[in-house]
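> Take a look at the following structure, please.
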Amino acid sequence: TVVVRAVPTPVDPDPRMTDIVRPSRPTVAEIREVCQPPAVRGRRNSEHWVADVYLRDISPYLTRLLLRTPISANGVTWLMIATGVGAAAALLIPGLPGGVLAALLGQMQMLWDCSDGEVARWRQTSSPKGVFLDRVGHYTTEGLIPIALGLRAAGFPGEGWLDTPWPLIGALLSVLILYNKALNDMVHVSRAYNNLPRLEEKADVAAPRSSGLRRVRSLVRFFPFNRAYHSVELTLLALVASVIDAALGDLSATRVLVAFLALFGVVTVVGHLMAILSSSRLR
């Protein structure tokens with residue numbers, strides 16, 4: 001069993017610290033109850049759609065196996081980081097095999113991402129270091145995948161790949177994606193510097209106050225290109241492009257994908273910045 005110290009709730013008969021005894025070999029039902037509360041499953045921004053669709057259904061089985069080992073929650077996060085780097089590296093494998101492997105590793109990265117939090121919640125070991133490592137994992141993966149896509153579009157490691165503009169476009173795409181991600185963290189840092197409370201993940205908090213921006217935002221919902229810059233979507237799009245490339249016998253689909261992502265990356269960053277400044281997130 002695992003014994004953790006917990007702060008008593010108002011219904012505790014003893015105002016002192018109480019002991020919560022949790023089994024070291026919990027059932028899947030127990031993991032779901034403790035590690036997947038509504039506060040986790042209902043997060044608007046932090047919970048990815050693949051988690052809602054199926055990953056949270058299977059992650060307790062992985063978490064149960066992890067809890068039987070001495071690996072810490074941060075150790076699981078390191079596995080997530082390594083898997084994300086592997087997803088980017090897989091895109092350097094020419095042809096369909098590279099696209100398939102990258103997509104599989106992209107899904108596995110998100111599964112580790114679900115389980116590291118579940119291990120931390122079960123063992124009551126959540127910490128700022130864990131949050132930091134999680135950010136490192138996502139920033140690293142989503143910074144490397146566009147670079148790998150640019151190299152893939154250039155035909156790396158074949159001859160003449162340095163004579164094309166695609167590696168540069170991939171690098172610029174990486175900068176756009178990382179800057180777009182950093183905008184969200186800038187909001188939290190700015191609020192912390194001004195001693196403001198933590199933002200709640202609610203739609204009305206992020207909604208622009210400008211009626212014009214709200215209309216533009218509602219139109220984007222029909223073509224949500226701004227959601228294409230997460231590691232899961234990037235690897236899935238790369239897989240689709242690799243299938244088309246295999247059918248056509250060239251790299252035209254991957255090149256169209258990189259060009260599309262770069263063009264709409266600029267639109268996404270500008271729109272994100274305007275949405276933040278016109279919302280209540282900095283109030």
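By convention here, the chains of the structure tokens are called A, B, ... in the order presented, each chain's residues are numbered starting at 1, and ligands are numbered starting at 1 in the order presented.
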Would you pick out the contacts of Ile169 in chain A at 12 Å or less, using only C-alpha atoms, so that residues sharing its chain but fewer than 5 positions from it are not included, and give the list as a PDB file with all heavy atoms, in the first residue's frame?


```
ATOM      1  N   PRO A 146       8.023  20.273 -36.885  1.00  0.00           N
ATOM      2  CA  PRO A 146       8.046  21.106 -38.099  1.00  0.00           C
ATOM      3  C   PRO A 146       9.398  21.101 -38.799  1.00  0.00           C
ATOM      4  O   PRO A 146       9.463  21.118 -40.031  1.00  0.00           O
ATOM      5  CB  PRO A 146       7.705  22.502 -37.570  1.00  0.00           C
ATOM      6  CG  PRO A 146       7.030  22.276 -36.267  1.00  0.00           C
ATOM      7  CD  PRO A 146       7.656  21.049 -35.692  1.00  0.00           C
ATOM      8  N   ILE A 147      10.492  21.075 -38.012  1.00  0.00           N
ATOM      9  CA  ILE A 147      11.824  21.009 -38.625  1.00  0.00           C
ATOM     10  C   ILE A 147      11.973  19.709 -39.406  1.00  0.00           C
ATOM     11  O   ILE A 147      12.485  19.691 -40.537  1.00  0.00           O
ATOM     12  CB  ILE A 147      12.913  21.136 -37.543  1.00  0.00           C
ATOM     13  CG1 ILE A 147      12.843  22.522 -36.895  1.00  0.00           C
ATOM     14  CG2 ILE A 147      14.297  20.886 -38.135  1.00  0.00           C
ATOM     15  CD1 ILE A 147      13.771  22.696 -35.705  1.00  0.00           C
ATOM     16  N   ALA A 148      11.528  18.606 -38.795  1.00  0.00           N
ATOM     17  CA  ALA A 148      11.592  17.314 -39.477  1.00  0.00           C
ATOM     18  C   ALA A 148      10.712  17.294 -40.718  1.00  0.00           C
ATOM     19  O   ALA A 148      11.082  16.709 -41.747  1.00  0.00           O
ATOM     20  CB  ALA A 148      11.184  16.202 -38.517  1.00  0.00           C
ATOM     21  N   LEU A 149       9.553  17.934 -40.644  1.00  0.00           N
ATOM     22  CA  LEU A 149       8.667  18.008 -41.813  1.00  0.00           C
ATOM     23  C   LEU A 149       9.327  18.786 -42.953  1.00  0.00           C
ATOM     24  O   LEU A 149       9.203  18.417 -44.127  1.00  0.00           O
ATOM     25  CB  LEU A 149       7.344  18.664 -41.426  1.00  0.00           C
ATOM     26  CG  LEU A 149       6.242  17.765 -40.884  1.00  0.00           C
ATOM     27  CD1 LEU A 149       5.052  18.593 -40.430  1.00  0.00           C
ATOM     28  CD2 LEU A 149       5.813  16.737 -41.928  1.00  0.00           C
ATOM     29  N   GLY A 150      10.025  19.883 -42.594  1.00  0.00           N
ATOM     30  CA  GLY A 150      10.724  20.646 -43.619  1.00  0.00           C
ATOM     31  C   GLY A 150      11.812  19.823 -44.282  1.00  0.00           C
ATOM     32  O   GLY A 150      11.982  19.864 -45.514  1.00  0.00           O
ATOM     33  N   LEU A 151      12.548  19.050 -43.486  1.00  0.00           N
ATOM     34  CA  LEU A 151      13.583  18.179 -44.051  1.00  0.00           C
ATOM     35  C   LEU A 151      12.969  17.081 -44.904  1.00  0.00           C
ATOM     36  O   LEU A 151      13.503  16.720 -45.967  1.00  0.00           O
ATOM     37  CB  LEU A 151      14.419  17.572 -42.920  1.00  0.00           C
ATOM     38  CG  LEU A 151      15.297  18.546 -42.132  1.00  0.00           C
ATOM     39  CD1 LEU A 151      15.923  17.850 -40.938  1.00  0.00           C
ATOM     40  CD2 LEU A 151      16.383  19.142 -43.031  1.00  0.00           C
ATOM     41  N   ARG A 152      11.837  16.569 -44.446  1.00  0.00           N
ATOM     42  CA  ARG A 152      11.149  15.521 -45.211  1.00  0.00           C
ATOM     43  C   ARG A 152      10.677  16.070 -46.556  1.00  0.00           C
ATOM     44  O   ARG A 152      10.802  15.402 -47.588  1.00  0.00           O
ATOM     45  CB  ARG A 152       9.958  15.007 -44.400  1.00  0.00           C
ATOM     46  CG  ARG A 152       9.226  13.816 -45.009  1.00  0.00           C
ATOM     47  CD  ARG A 152       8.096  13.379 -44.069  1.00  0.00           C
ATOM     48  NE  ARG A 152       7.326  12.287 -44.619  1.00  0.00           N
ATOM     49  CZ  ARG A 152       7.616  11.005 -44.455  1.00  0.00           C
ATOM     50  NH1 ARG A 152       8.685  10.655 -43.753  1.00  0.00           N
ATOM     51  NH2 ARG A 152       6.862  10.054 -44.982  1.00  0.00           N
ATOM     52  N   ALA A 153      10.139  17.297 -46.544  1.00  0.00           N
ATOM     53  CA  ALA A 153       9.685  17.917 -47.793  1.00  0.00           C
ATOM     54  C   ALA A 153      10.843  18.185 -48.744  1.00  0.00           C
ATOM     55  O   ALA A 153      10.663  18.201 -49.969  1.00  0.00           O
ATOM     56  CB  ALA A 153       8.948  19.219 -47.481  1.00  0.00           C
ATOM     57  N   ALA A 154      12.042  18.364 -48.186  1.00  0.00           N
ATOM     58  CA  ALA A 154      13.222  18.624 -49.016  1.00  0.00           C
ATOM     59  C   ALA A 154      13.823  17.349 -49.599  1.00  0.00           C
ATOM     60  O   ALA A 154      14.744  17.416 -50.417  1.00  0.00           O
ATOM     61  CB  ALA A 154      14.280  19.349 -48.189  1.00  0.00           C
ATOM     62  N   THR A 164      17.014  23.243 -51.523  1.00  0.00           N
ATOM     63  CA  THR A 164      15.590  23.590 -51.567  1.00  0.00           C
ATOM     64  C   THR A 164      15.262  24.532 -50.408  1.00  0.00           C
ATOM     65  O   THR A 164      15.996  24.595 -49.410  1.00  0.00           O
ATOM     66  CB  THR A 164      14.720  22.334 -51.457  1.00  0.00           C
ATOM     67  OG1 THR A 164      14.784  21.840 -50.105  1.00  0.00           O
ATOM     68  CG2 THR A 164      15.192  21.241 -52.408  1.00  0.00           C
ATOM     69  N   SER A 174       8.525  26.077 -37.197  1.00  0.00           N
ATOM     70  CA  SER A 174       8.829  25.723 -35.812  1.00  0.00           C
ATOM     71  C   SER A 174       8.783  26.956 -34.917  1.00  0.00           C
ATOM     72  O   SER A 174       8.209  26.921 -33.812  1.00  0.00           O
ATOM     73  CB  SER A 174      10.208  25.068 -35.730  1.00  0.00           C
ATOM     74  OG  SER A 174      10.562  24.812 -34.388  1.00  0.00           O
ATOM     75  N   VAL A 175       9.352  28.060 -35.381  1.00  0.00           N
ATOM     76  CA  VAL A 175       9.333  29.303 -34.602  1.00  0.00           C
ATOM     77  C   VAL A 175       7.903  29.776 -34.382  1.00  0.00           C
ATOM     78  O   VAL A 175       7.526  30.188 -33.274  1.00  0.00           O
ATOM     79  CB  VAL A 175      10.161  30.397 -35.311  1.00  0.00           C
ATOM     80  CG1 VAL A 175       9.984  31.744 -34.616  1.00  0.00           C
ATOM     81  CG2 VAL A 175      11.635  30.004 -35.343  1.00  0.00           C
ATOM     82  N   LEU A 176       7.077  29.714 -35.419  1.00  0.00           N
ATOM     83  CA  LEU A 176       5.682  30.147 -35.298  1.00  0.00           C
ATOM     84  C   LEU A 176       4.928  29.299 -34.275  1.00  0.00           C
ATOM     85  O   LEU A 176       4.176  29.823 -33.447  1.00  0.00           O
ATOM     86  CB  LEU A 176       4.995  30.061 -36.663  1.00  0.00           C
ATOM     87  CG  LEU A 176       5.409  31.095 -37.713  1.00  0.00           C
ATOM     88  CD1 LEU A 176       4.812  30.739 -39.075  1.00  0.00           C
ATOM     89  CD2 LEU A 176       4.968  32.491 -37.287  1.00  0.00           C
ATOM     90  N   ARG A 255       5.000  18.747 -49.259  1.00  0.00           N
ATOM     91  CA  ARG A 255       5.370  20.141 -49.509  1.00  0.00           C
ATOM     92  C   ARG A 255       4.162  21.072 -49.417  1.00  0.00           C
ATOM     93  O   ARG A 255       4.271  22.174 -48.863  1.00  0.00           O
ATOM     94  CB  ARG A 255       6.045  20.252 -50.874  1.00  0.00           C
ATOM     95  CG  ARG A 255       7.417  19.603 -50.896  1.00  0.00           C
ATOM     96  CD  ARG A 255       8.026  19.521 -52.274  1.00  0.00           C
ATOM     97  NE  ARG A 255       9.377  18.968 -52.191  1.00  0.00           N
ATOM     98  CZ  ARG A 255      10.123  18.664 -53.244  1.00  0.00           C
ATOM     99  NH1 ARG A 255       9.636  18.847 -54.484  1.00  0.00           N
ATOM    100  NH2 ARG A 255      11.341  18.179 -53.077  1.00  0.00           N
ATOM    101  N   VAL A 256       3.031  20.634 -49.922  1.00  0.00           N
ATOM    102  CA  VAL A 256       1.807  21.429 -49.786  1.00  0.00           C
ATOM    103  C   VAL A 256       1.445  21.576 -48.308  1.00  0.00           C
ATOM    104  O   VAL A 256       1.047  22.650 -47.845  1.00  0.00           O
ATOM    105  CB  VAL A 256       0.648  20.782 -50.571  1.00  0.00           C
ATOM    106  CG1 VAL A 256      -0.686  21.440 -50.204  1.00  0.00           C
ATOM    107  CG2 VAL A 256       0.892  20.891 -52.069  1.00  0.00           C
ATOM    108  N   LEU A 257       1.596  20.506 -47.548  1.00  0.00           N
ATOM    109  CA  LEU A 257       1.284  20.541 -46.122  1.00  0.00           C
ATOM    110  C   LEU A 257       2.172  21.544 -45.389  1.00  0.00           C
ATOM    111  O   LEU A 257       1.672  22.362 -44.599  1.00  0.00           O
ATOM    112  CB  LEU A 257       1.469  19.148 -45.519  1.00  0.00           C
ATOM    113  CG  LEU A 257       1.344  19.058 -43.983  1.00  0.00           C
ATOM    114  CD1 LEU A 257      -0.045  19.461 -43.530  1.00  0.00           C
ATOM    115  CD2 LEU A 257       1.688  17.654 -43.509  1.00  0.00           C
ATOM    116  N   VAL A 258       3.478  21.503 -45.645  1.00  0.00           N
ATOM    117  CA  VAL A 258       4.394  22.422 -44.972  1.00  0.00           C
ATOM    118  C   VAL A 258       4.082  23.867 -45.353  1.00  0.00           C
ATOM    119  O   VAL A 258       4.064  24.765 -44.490  1.00  0.00           O
ATOM    120  CB  VAL A 258       5.854  22.069 -45.309  1.00  0.00           C
ATOM    121  CG1 VAL A 258       6.808  23.124 -44.743  1.00  0.00           C
ATOM    122  CG2 VAL A 258       6.207  20.696 -44.749  1.00  0.00           C
ATOM    123  N   ALA A 259       3.813  24.113 -46.616  1.00  0.00           N
ATOM    124  CA  ALA A 259       3.481  25.467 -47.058  1.00  0.00           C
ATOM    125  C   ALA A 259       2.182  25.950 -46.416  1.00  0.00           C
ATOM    126  O   ALA A 259       2.086  27.101 -45.966  1.00  0.00           O
ATOM    127  CB  ALA A 259       3.365  25.506 -48.584  1.00  0.00           C
ATOM    128  N   PHE A 260       1.176  25.066 -46.370  1.00  0.00           N
ATOM    129  CA  PHE A 260      -0.102  25.409 -45.733  1.00  0.00           C
ATOM    130  C   PHE A 260       0.094  25.742 -44.261  1.00  0.00           C
ATOM    131  O   PHE A 260      -0.418  26.747 -43.754  1.00  0.00           O
ATOM    132  CB  PHE A 260      -1.071  24.238 -45.896  1.00  0.00           C
ATOM    133  CG  PHE A 260      -2.298  24.332 -45.024  1.00  0.00           C
ATOM    134  CD1 PHE A 260      -3.415  25.035 -45.451  1.00  0.00           C
ATOM    135  CD2 PHE A 260      -2.337  23.723 -43.783  1.00  0.00           C
ATOM    136  CE1 PHE A 260      -4.547  25.127 -44.648  1.00  0.00           C
ATOM    137  CE2 PHE A 260      -3.454  23.799 -42.967  1.00  0.00           C
ATOM    138  CZ  PHE A 260      -4.566  24.511 -43.405  1.00  0.00           C
ATOM    139  N   LEU A 261       0.842  24.906 -43.552  1.00  0.00           N
ATOM    140  CA  LEU A 261       1.051  25.117 -42.120  1.00  0.00           C
ATOM    141  C   LEU A 261       1.797  26.420 -41.858  1.00  0.00           C
ATOM    142  O   LEU A 261       1.490  27.144 -40.898  1.00  0.00           O
ATOM    143  CB  LEU A 261       1.827  23.945 -41.533  1.00  0.00           C
ATOM    144  CG  LEU A 261       1.080  22.608 -41.430  1.00  0.00           C
ATOM    145  CD1 LEU A 261       2.043  21.494 -41.012  1.00  0.00           C
ATOM    146  CD2 LEU A 261      -0.090  22.698 -40.457  1.00  0.00           C
ATOM    147  N   ALA A 262       2.770  26.745 -42.715  1.00  0.00           N
ATOM    148  CA  ALA A 262       3.524  27.983 -42.525  1.00  0.00           C
ATOM    149  C   ALA A 262       2.651  29.203 -42.776  1.00  0.00           C
ATOM    150  O   ALA A 262       2.673  30.175 -42.004  1.00  0.00           O
ATOM    151  CB  ALA A 262       4.745  27.992 -43.449  1.00  0.00           C
ATOM    152  N   LEU A 263       1.873  29.161 -43.856  1.00  0.00           N
ATOM    153  CA  LEU A 263       1.011  30.295 -44.190  1.00  0.00           C
ATOM    154  C   LEU A 263      -0.020  30.539 -43.092  1.00  0.00           C
ATOM    155  O   LEU A 263      -0.168  31.666 -42.590  1.00  0.00           O
ATOM    156  CB  LEU A 263       0.314  30.037 -45.530  1.00  0.00           C
ATOM    157  CG  LEU A 263      -0.726  31.078 -45.960  1.00  0.00           C
ATOM    158  CD1 LEU A 263      -0.074  32.434 -46.153  1.00  0.00           C
ATOM    159  CD2 LEU A 263      -1.435  30.624 -47.233  1.00  0.00           C
ATOM    160  N   GLY A 265       0.092  29.421 -40.148  1.00  0.00           N
ATOM    161  CA  GLY A 265       0.747  29.640 -38.859  1.00  0.00           C
ATOM    162  C   GLY A 265       0.852  31.120 -38.548  1.00  0.00           C
ATOM    163  O   GLY A 265       0.666  31.538 -37.397  1.00  0.00           O
TER     164      GLY A 265
END
```

> Among the residues of range 68-106 of chain A, find those DSSP assigns to helix (DSSP H, G or I) from the backbone and print them as a PyMOL selection string.

chain A and resi 73-90+95-106

> Only C-alpha atoms, please: the residues just picked out, written as a compact mmCIF listing (two decimals), in the first residue's frame.


```txt
# COMPACT_ATOMS: atom_id res chain seq x y z
CA ALA A 73 5.44 10.40 -12.36
CA ASN A 74 8.34 12.54 -13.58
CA GLY A 75 9.98 9.38 -14.90
CA VAL A 76 6.87 8.74 -16.99
CA THR A 77 7.07 12.32 -18.25
CA TRP A 78 10.64 11.67 -19.41
CA LEU A 79 9.27 8.72 -21.39
CA MET A 80 6.75 11.12 -22.92
CA ILE A 81 9.55 13.51 -23.88
CA ALA A 82 11.63 10.72 -25.46
CA THR A 83 8.61 9.43 -27.39
CA GLY A 84 7.89 12.90 -28.76
CA VAL A 85 11.47 13.29 -29.94
CA GLY A 86 11.15 9.86 -31.53
CA ALA A 87 8.03 10.97 -33.39
CA ALA A 88 9.94 13.87 -34.92
CA ALA A 89 12.91 11.66 -35.78
CA ALA A 90 10.60 9.12 -37.44
CA GLY A 95 8.30 7.18 -47.44
CA LEU A 96 5.22 5.74 -45.82
CA PRO A 97 7.06 3.89 -42.99
CA GLY A 98 8.24 7.19 -41.53
CA GLY A 99 4.75 8.69 -41.62
CA VAL A 100 3.16 5.64 -39.99
CA LEU A 101 5.80 5.43 -37.24
CA ALA A 102 5.54 9.16 -36.48
CA ALA A 103 1.75 8.94 -36.14
CA LEU A 104 1.98 5.94 -33.81
CA LEU A 105 4.61 7.62 -31.65
CA GLY A 106 2.51 10.79 -31.57
```

> Give me, as a PyMOL selection string, all polymer residues having an atom no more than 8 Å from range 116-120 of chain A, counting only C-alpha atoms and skipping those fewer than 5 positions away in the same chain.

chain A and resi 31+35-36+60+63+66-67+72-74+76-77+125-126

> Would you output that residue set with N, CA and C atoms, as an mmCIF file, in the first residue's frame?


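Full text of again_29.cif as output:
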```cif
data_model
loop_
_atom_site.group_PDB
_atom_site.id
_atom_site.type_symbol
_atom_site.label_atom_id
_atom_site.label_comp_id
_atom_site.auth_asym_id
_atom_site.auth_seq_id
_atom_site.Cartn_x
_atom_site.Cartn_y
_atom_site.Cartn_z
ATOM 1 N N ILE A 31 -8.474 3.672 -10.191
ATOM 2 C CA ILE A 31 -7.664 4.684 -10.876
ATOM 3 C C ILE A 31 -8.559 5.708 -11.555
ATOM 4 N N CYS A 35 -8.039 9.381 -10.324
ATOM 5 C CA CYS A 35 -7.137 10.066 -11.255
ATOM 6 C C CYS A 35 -7.826 10.734 -12.438
ATOM 7 N N GLN A 36 -9.113 10.454 -12.626
ATOM 8 C CA GLN A 36 -9.834 11.080 -13.737
ATOM 9 C C GLN A 36 -11.101 11.772 -13.237
ATOM 10 N N PRO A 60 -5.802 4.191 -17.900
ATOM 11 C CA PRO A 60 -5.739 3.543 -16.575
ATOM 12 C C PRO A 60 -5.079 2.172 -16.598
ATOM 13 N N THR A 63 -1.480 3.001 -16.575
ATOM 14 C CA THR A 63 -1.166 3.554 -15.260
ATOM 15 C C THR A 63 -1.096 2.457 -14.208
ATOM 16 N N LEU A 66 2.217 0.894 -14.487
ATOM 17 C CA LEU A 66 3.273 1.783 -14.019
ATOM 18 C C LEU A 66 3.309 1.860 -12.495
ATOM 19 N N LEU A 67 2.129 1.809 -11.869
ATOM 20 C CA LEU A 67 2.075 1.890 -10.411
ATOM 21 C C LEU A 67 2.675 0.656 -9.743
ATOM 22 N N SER A 72 8.683 6.982 -11.163
ATOM 23 C CA SER A 72 7.936 8.127 -10.650
ATOM 24 C C SER A 72 7.109 8.764 -11.765
ATOM 25 N N ALA A 73 6.229 9.675 -11.365
ATOM 26 C CA ALA A 73 5.437 10.399 -12.360
ATOM 27 C C ALA A 73 6.351 11.189 -13.289
ATOM 28 N N ASN A 74 7.396 11.799 -12.736
ATOM 29 C CA ASN A 74 8.345 12.536 -13.578
ATOM 30 C C ASN A 74 9.104 11.598 -14.501
ATOM 31 N N VAL A 76 7.800 8.981 -15.888
ATOM 32 C CA VAL A 76 6.867 8.744 -16.993
ATOM 33 C C VAL A 76 6.887 9.933 -17.956
ATOM 34 N N THR A 77 7.008 11.136 -17.403
ATOM 35 C CA THR A 77 7.068 12.321 -18.255
ATOM 36 C C THR A 77 8.319 12.296 -19.126
ATOM 37 N N THR A 125 1.965 13.029 -5.797
ATOM 38 C CA THR A 125 3.321 13.543 -6.008
ATOM 39 C C THR A 125 3.352 14.652 -7.055
ATOM 40 N N SER A 126 2.227 15.321 -7.289
ATOM 41 C CA SER A 126 2.218 16.430 -8.236
ATOM 42 C C SER A 126 3.166 17.522 -7.741
#
```

> Got a sec: who's within 12 Å of Phe225 in chain A, counting only C-alpha atoms, leaving out chain neighbours fewer than 2 positions off, as a ChimeraX atom specification?

/A:217,219-223,227-230,233-234,237,257,260-269,271

> Keeping only N, CA and C atoms, write those residues as a short mmCIF file (atom, residue, chain, number, x, y, z; two decimals), in the first residue's frame.


```cif
data_model
loop_
_atom_site.label_atom_id
_atom_site.label_comp_id
_atom_site.auth_asym_id
_atom_site.auth_seq_id
_atom_site.Cartn_x
_atom_site.Cartn_y
_atom_site.Cartn_z
N ARG A 217 -13.98 34.39 -34.97
CA ARG A 217 -13.72 33.16 -34.22
C ARG A 217 -14.78 32.11 -34.50
N LEU A 219 -16.41 31.77 -37.26
CA LEU A 219 -16.20 31.26 -38.60
C LEU A 219 -15.06 30.24 -38.63
N VAL A 220 -14.03 30.48 -37.81
CA VAL A 220 -12.88 29.57 -37.77
C VAL A 220 -13.30 28.19 -37.29
N ARG A 221 -14.37 28.11 -36.52
CA ARG A 221 -14.83 26.81 -36.03
C ARG A 221 -15.20 25.87 -37.16
N PHE A 222 -15.60 26.43 -38.31
CA PHE A 222 -15.94 25.58 -39.46
C PHE A 222 -14.68 25.08 -40.18
N PHE A 223 -13.56 25.75 -39.95
CA PHE A 223 -12.28 25.35 -40.55
C PHE A 223 -11.18 25.58 -39.51
N ARG A 227 -5.94 24.44 -34.91
CA ARG A 227 -5.73 23.26 -34.08
C ARG A 227 -4.73 22.28 -34.70
N ALA A 228 -4.17 22.65 -35.84
CA ALA A 228 -3.28 21.73 -36.56
C ALA A 228 -1.86 21.72 -36.02
N TYR A 229 -1.57 22.53 -34.99
CA TYR A 229 -0.18 22.73 -34.59
C TYR A 229 0.20 21.98 -33.32
N HIS A 230 -0.60 21.01 -32.93
CA HIS A 230 -0.26 20.11 -31.83
C HIS A 230 0.45 18.89 -32.42
N GLU A 233 -1.93 16.29 -34.17
CA GLU A 233 -2.42 16.69 -35.49
C GLU A 233 -1.29 16.75 -36.51
N LEU A 234 -0.13 17.25 -36.09
CA LEU A 234 1.00 17.34 -37.02
C LEU A 234 1.41 15.97 -37.55
N LEU A 237 -1.40 14.58 -39.87
CA LEU A 237 -1.34 15.23 -41.18
C LEU A 237 -0.14 14.74 -41.99
N LEU A 257 1.60 20.51 -47.55
CA LEU A 257 1.28 20.54 -46.12
C LEU A 257 2.17 21.54 -45.39
N PHE A 260 1.18 25.07 -46.37
CA PHE A 260 -0.10 25.41 -45.73
C PHE A 260 0.09 25.74 -44.26
N LEU A 261 0.84 24.91 -43.55
CA LEU A 261 1.05 25.12 -42.12
C LEU A 261 1.80 26.42 -41.86
N ALA A 262 2.77 26.75 -42.72
CA ALA A 262 3.52 27.98 -42.53
C ALA A 262 2.65 29.20 -42.78
N LEU A 263 1.87 29.16 -43.86
CA LEU A 263 1.01 30.30 -44.19
C LEU A 263 -0.02 30.54 -43.09
N PHE A 264 -0.73 29.50 -42.71
CA PHE A 264 -1.77 29.67 -41.70
C PHE A 264 -1.19 29.77 -40.29
N GLY A 265 0.09 29.42 -40.15
CA GLY A 265 0.75 29.64 -38.86
C GLY A 265 0.85 31.12 -38.55
N VAL A 266 1.15 31.92 -39.56
CA VAL A 266 1.20 33.37 -39.37
C VAL A 266 -0.17 33.89 -38.97
N VAL A 267 -1.21 33.43 -39.67
CA VAL A 267 -2.58 33.85 -39.35
C VAL A 267 -2.95 33.43 -37.92
N THR A 268 -2.56 32.23 -37.53
CA THR A 268 -2.88 31.72 -36.20
C THR A 268 -2.23 32.55 -35.10
N VAL A 269 -0.95 32.88 -35.28
CA VAL A 269 -0.24 33.66 -34.27
C VAL A 269 -0.85 35.05 -34.12
N GLY A 271 -3.90 36.03 -34.97
CA GLY A 271 -5.23 35.91 -34.40
C GLY A 271 -5.20 35.58 -32.91
#
```
